[in-house]
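Colleague: Let me give you the structure first, and then I'll get to my questions.
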Amino acid sequence: METKVVKQVQKRLVLVPFPFQGHMTPMFQLGTALQQKGLSVTIAHTRYNAPDPSLYPHLHFQPLTDNLTSNETPTNIGFFNFFKKINKNCESEMREFLVQKIQQEQEACGHVVGIIYDTLMYFAEAVADDLKIPSMVIRTSFATYVLATLSMSRLHAEGYLPLQDSMLEEQVPELYPLRFKDLPFTGEGIEESLALYAITCNLRSSSGIIWNAIDFLENLSLPKLQQHYKVPFFTVGPLHKISLMSSSTSLLEEDKTCMTWLDKQATNTVIYVSLGSLASINAEELAETAWGLANSGQPFLWVIRPGSVIGSEWIELLPEGYIENTGERCHIVKWAPQKLVLAHSAVGGFWSHCGWNSTLESICEGKPMICRPFYVDQKVISRYLSYVWKIGLELEWRLDRKNIESVIRRLFGDKEGDEMRGRATEIKEKIESCMSAGGSSSDSLNNLVEFFL
Ligand code: UDX
């Protein structure tokens, strides 16, 4: 009898993340989710903030020469220049790599089935187009923020920008429930921001959009975005839960001592404070935060990232004797294992800059938030947390110890805090059902895999 040898055909996707913590994390999670569904995944990454491949043995890695000198950081040359340079410098190596890879895979009876690129890595789309490989963009941020960015050029043309102080509390036409002060930018750098949005909102030949979103949370915005972008949407969020990835994606070392400290605290008593991977504060804001936290009476776990307090290396500018005086009630680390922290029963609330990853991580654990956004998507997310989902309290922009103390007391106080915690738990449970078989996120992930197969 003749036996037929069927060669296993390897289907490969190449993923191109933007090299910032908040962008790399969801891309790695997506890569892991796709690998778990049977695809081979290669991450083509810049040398800047290069990942450690040994942490992700299930993924393949391809470094791309970004030609950035050690001085050419986003802080030194500005975000816009950094982003343009990376896109210009990585293109030719990406093309070479793909040509080679396609050949190798063909010899092994495999197939590069597509490229998924962060919207900030638009060069990847040009390469995909040249080589006739299907490409798809991933928006790692809040979808409603993308809707807001689509409106910015209209608002500029209608004369709203730069914003007048008198308008900040007013509703933005056609962007309910956003107020002018929730917009991604309000004054400085208008031309540059509009140029950036023109690039990132352009779909080019992308066959669809992957969103780290959950349908029901953004049911006001996703249909409007779908009207604008007439391509398939894959709402596969929350990626950190969908992917079941055990390794950490942190670029900084996580200090796990805080978990032992959390174990000693009572349930729902701790306020966890972290402003993400990019935001910074000045010495006065540090002092107001320190006193606000101390005076609130709650235990607190505070991430102070090295370099995040302007003019200091780490915590040198804290008020004298602060750590001794707050004693066991205060635990400060340089970088925390945030997902574990938020899942800990002692944590009763999260004071956050409202980056999208942090927000998703918090709501998936049913933790209410204190919102102190800085820029871009964070203000839009803060508005949704406080006004739409009603699981967050907004802090005033100018940090003031009395205001901080009072907001923390409200969050941990009986009625208001409990109600927010109740709503947060409901949202957490709804998200869980979206992720289970037949739920919107689970279906979207399956559709995405099918699309590429
Ligand atoms: C940036 C932008 O600021 C944000 O607006 C956008 O939504 C994504 O990119 P970032 O400042 O990095 O975000 O914040 P966020 O998106 O919240 O991501 C931070 C990540 O770092 C989270 O996954 C969080 O778990 C992790 N983190 C943060 C830690 O692991 N430990 C910490 O101590 C702090």
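Ligands are numbered from 1 in the order shown, residues from 1 within each chain, and chains are lettered A, B, ... in the order they appear in the structure tokens.
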Kindly provide, as a ChimeraX atom specification, all nucleotide and amino acid residues lying within 6 Å of ligand 1, counting only C-alpha atoms and all ligand atoms.
Modeller: /A:21-23,141,250,274,276-278,303,335-339,355-358,377-378
Colleague: For stretch 389-401 of chain A, find every residue with an atom within 6 Å (counting only C-alpha atoms), except residues of its own chain fewer than 2 positions away, and show them as a VMD selection string.
Modeller: chain A and resid 285 288 291 to 292 368 to 372 384 to 387 403 to 404 420 424
Colleague: Write the residues of the preceding selection, restricted to C-alpha atoms, as a PDB file, in the first residue's frame.
Modeller:
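See out_8.pdb below for the written result:
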ATOM      1  CA  GLU A 285       4.135  67.233  42.329  1.00  0.00           C
ATOM      2  CA  GLU A 288       2.100  66.884  47.023  1.00  0.00           C
ATOM      3  CA  TRP A 291       1.755  64.118  51.521  1.00  0.00           C
ATOM      4  CA  GLY A 292      -1.577  63.293  49.931  1.00  0.00           C
ATOM      5  CA  PRO A 368     -11.499  51.030  40.661  1.00  0.00           C
ATOM      6  CA  MET A 369      -9.102  53.802  39.706  1.00  0.00           C
ATOM      7  CA  ILE A 370      -7.921  57.289  40.504  1.00  0.00           C
ATOM      8  CA  CYS A 371      -7.224  58.986  37.191  1.00  0.00           C
ATOM      9  CA  ARG A 372      -4.425  61.448  36.666  1.00  0.00           C
ATOM     10  CA  TYR A 384     -14.380  56.994  30.078  1.00  0.00           C
ATOM     11  CA  LEU A 385     -13.284  55.599  33.432  1.00  0.00           C
ATOM     12  CA  SER A 386     -14.886  58.405  35.385  1.00  0.00           C
ATOM     13  CA  TYR A 387     -17.908  59.414  33.306  1.00  0.00           C
ATOM     14  CA  ASN A 403      -7.395  67.042  46.917  1.00  0.00           C
ATOM     15  CA  ILE A 404      -5.390  63.802  46.722  1.00  0.00           C
ATOM     16  CA  MET A 420     -17.435  51.768  42.183  1.00  0.00           C
ATOM     17  CA  ALA A 424     -15.763  47.335  38.440  1.00  0.00           C
TER      18      ALA A 424
END
Colleague: Go ahead and compute the interatomic distance for atom CA of A:Arg139 and atom CA of A:Lys101, in Å to one decimal.
Modeller: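 Those two atoms sit 25.7 Å apart.
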Colleague: Need to verify the contact set: A:Ala126, 10 Å, only C-alpha atoms, exclusion of same-chain residues closer than 4 positions in sequence. Can you return it as a list in words?
Modeller: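 What passes the distance filter is Glu91, Arg95, Tyr122, Asp130, Leu131, Lys132, Ser135, Arg204 and Ser205 of chain A.
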Colleague: Out of stretch 203-242 of chain A, which residues get helix (DSSP H, G or I) from DSSP, as a list in words?
Modeller: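 The helix (DSSP H, G or I) subset of stretch 203-242 of chain A is Asp215, Phe216, Leu217, Glu218, Leu222, Pro223, Lys224, Leu225, Gln226, Gln227, His228, Leu239, His240, Lys241 and Ile242 of chain A.
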Colleague: Using only C-alpha atoms, which of A:Glu174, A:Ala198, A:Asp165, A:Leu150 sits nearest A:Leu120?
Modeller: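 Comparing A:Glu174, A:Ala198, A:Asp165, A:Leu150 against A:Leu120, the winner is A:Ala198.
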Colleague: Identify, with DSSP run on backbone atoms, the residues in stretch 77-304 of chain A assigned to strand (DSSP E), and express the list as a VMD selection string.
Modeller: chain A and resid 111 to 118 135 to 139 209 to 211 233 to 235 270 to 274 300 to 303
Colleague: Tell me which protein, DNA and RNA residues are within 8 Å of A:Gly366, counting only C-alpha atoms, leaving out same-chain ones fewer than 4 positions away, and put them as a VMD selection string.
Modeller: chain A and resid 362 421 424 to 428
Colleague: Quick one: write out the picked residues with N, CA and C atoms as a compact mmCIF listing (two decimals), in the first residue's frame?
Modeller:
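Once everything was written out, this is again.txt:
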# COMPACT_ATOMS: atom_id res chain seq x y z
N SER A 362 -6.17 46.89 35.12
CA SER A 362 -6.93 47.22 36.33
C SER A 362 -8.38 46.76 36.21
N ARG A 421 -16.53 49.80 43.25
CA ARG A 421 -15.99 48.44 43.28
C ARG A 421 -17.02 47.46 42.69
N ALA A 424 -17.02 47.88 38.99
CA ALA A 424 -15.76 47.34 38.44
C ALA A 424 -15.85 45.81 38.38
N THR A 425 -16.45 45.20 39.39
CA THR A 425 -16.57 43.73 39.39
C THR A 425 -17.50 43.29 38.25
N GLU A 426 -18.58 44.06 38.04
CA GLU A 426 -19.49 43.70 36.93
C GLU A 426 -18.75 43.74 35.59
N ILE A 427 -17.95 44.79 35.40
CA ILE A 427 -17.22 44.91 34.13
C ILE A 427 -16.23 43.75 33.99
N LYS A 428 -15.54 43.45 35.08
CA LYS A 428 -14.59 42.33 35.04
C LYS A 428 -15.30 41.04 34.59
Colleague: Can you pull out every residue within 7 Å of A:Gln29, counting only C-alpha atoms, but drop anything in the same chain fewer than 4 positions away, and send it as a count of residues only?
Modeller: 6
Colleague: Work out how far atom CA of A:Thr42 is from atom CA of A:Phe61, in Å to one decimal.
Modeller: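 Straight-line distance from atom CA of A:Phe61 to atom CA of A:Thr42 works out to 5.3 Å.
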Colleague: Which is closest to A:Phe374 among A:Asn446, A:His353, A:Thr144, A:Tyr322, if we use only C-alpha atoms?
Modeller: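 Of the candidates, the smallest distance to A:Phe374 is held by A:His353.
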Colleague: For A:Ala437, which residue among A:Ile315, A:Leu163, A:Ile242, A:Leu360 is the nearest when counting only C-alpha atoms?
Modeller: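 The closest residue to A:Ala437 is A:Ile242.
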Colleague: Atom CA of A:Ile116 and atom CA of A:Thr65 are how many Å apart?
Modeller: 18.9 Å
Colleague: With only C-alpha atoms as the atoms that count, which of A:Met94, A:Leu175, A:Ser40, A:Glu125 lies nearest to A:Asp66?
Modeller: A:Met94
Colleague: Show which residues sit within 10 Å of A:His58, as a VMD selection string. Count only C-alpha atoms, and ignore same-chain residues fewer than 6 positions away.
Modeller: chain A and resid 31 to 32 35 to 36 40 to 42
Colleague: Can you write just those residues out, all heavy atoms, as a short mmCIF file (atom, residue, chain, number, x, y, z; two decimals), in the first residue's frame?
Modeller:
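Everything below was put into out-v2.cif:
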data_model
loop_
_atom_site.label_atom_id
_atom_site.label_comp_id
_atom_site.auth_asym_id
_atom_site.auth_seq_id
_atom_site.Cartn_x
_atom_site.Cartn_y
_atom_site.Cartn_z
N GLY A 31 1.25 38.10 19.66
CA GLY A 31 2.11 37.07 19.05
C GLY A 31 1.93 35.75 19.78
O GLY A 31 1.81 34.68 19.15
N THR A 32 1.89 35.81 21.10
CA THR A 32 1.73 34.59 21.89
C THR A 32 0.37 33.95 21.63
O THR A 32 0.27 32.74 21.44
CB THR A 32 1.91 34.93 23.38
OG1 THR A 32 3.19 35.53 23.53
CG2 THR A 32 1.82 33.70 24.25
N GLN A 35 0.48 32.31 18.28
CA GLN A 35 1.31 31.11 18.32
C GLN A 35 0.54 29.97 19.00
O GLN A 35 0.58 28.83 18.57
CB GLN A 35 2.61 31.45 19.08
CG GLN A 35 3.65 30.36 19.09
CD GLN A 35 3.49 29.42 20.28
OE1 GLN A 35 2.91 29.78 21.29
NE2 GLN A 35 4.01 28.21 20.13
N GLN A 36 -0.22 30.34 20.03
CA GLN A 36 -1.01 29.31 20.72
C GLN A 36 -2.11 28.74 19.83
O GLN A 36 -2.64 27.66 20.07
CB GLN A 36 -1.61 29.88 22.02
CG GLN A 36 -0.56 29.99 23.11
CD GLN A 36 -0.91 30.97 24.23
OE1 GLN A 36 -1.87 31.73 24.14
NE2 GLN A 36 -0.11 30.96 25.28
N SER A 40 3.29 30.19 13.37
CA SER A 40 4.65 30.53 13.81
C SER A 40 4.75 32.05 13.79
O SER A 40 4.23 32.68 12.86
CB SER A 40 5.68 29.97 12.84
OG SER A 40 5.64 28.59 12.91
N VAL A 41 5.41 32.61 14.78
CA VAL A 41 5.45 34.07 14.88
C VAL A 41 6.88 34.56 15.00
O VAL A 41 7.65 34.08 15.84
CB VAL A 41 4.62 34.53 16.11
CG1 VAL A 41 4.77 36.03 16.33
CG2 VAL A 41 3.14 34.17 15.93
N THR A 42 7.23 35.51 14.13
CA THR A 42 8.53 36.17 14.23
C THR A 42 8.30 37.62 14.62
O THR A 42 7.46 38.30 14.01
CB THR A 42 9.28 36.14 12.88
OG1 THR A 42 9.53 34.78 12.55
CG2 THR A 42 10.61 36.88 12.95
#
Colleague: Give me, as a PDB file with C-alpha atoms, in the first residue's frame, all polymer residues having an atom no more than 10 Å from A:Ala290, counting only C-alpha atoms and skipping those fewer than 4 positions away in the same chain.
Modeller:
ATOM      1  CA  GLU A 284       6.467  69.921  43.724  1.00  0.00           C
ATOM      2  CA  GLU A 285       4.135  67.233  42.329  1.00  0.00           C
ATOM      3  CA  LEU A 286       6.233  64.600  44.066  1.00  0.00           C
ATOM      4  CA  ALA A 294       0.538  59.814  53.704  1.00  0.00           C
ATOM      5  CA  ASN A 295      -2.428  61.864  54.946  1.00  0.00           C
ATOM      6  CA  TRP A 302       4.145  53.496  45.046  1.00  0.00           C
ATOM      7  CA  LEU A 318      11.060  63.079  48.811  1.00  0.00           C
ATOM      8  CA  PRO A 319      10.463  65.208  51.937  1.00  0.00           C
ATOM      9  CA  TYR A 322       9.302  60.692  54.764  1.00  0.00           C
ATOM     10  CA  ILE A 323      10.089  56.988  54.509  1.00  0.00           C
ATOM     11  CA  THR A 326       5.316  56.669  56.977  1.00  0.00           C
ATOM     12  CA  CYS A 330       4.446  52.878  52.604  1.00  0.00           C
ATOM     13  CA  ARG A 401      -2.256  67.159  48.825  1.00  0.00           C
ATOM     14  CA  ILE A 404      -5.390  63.802  46.722  1.00  0.00           C
TER      15      ILE A 404
END
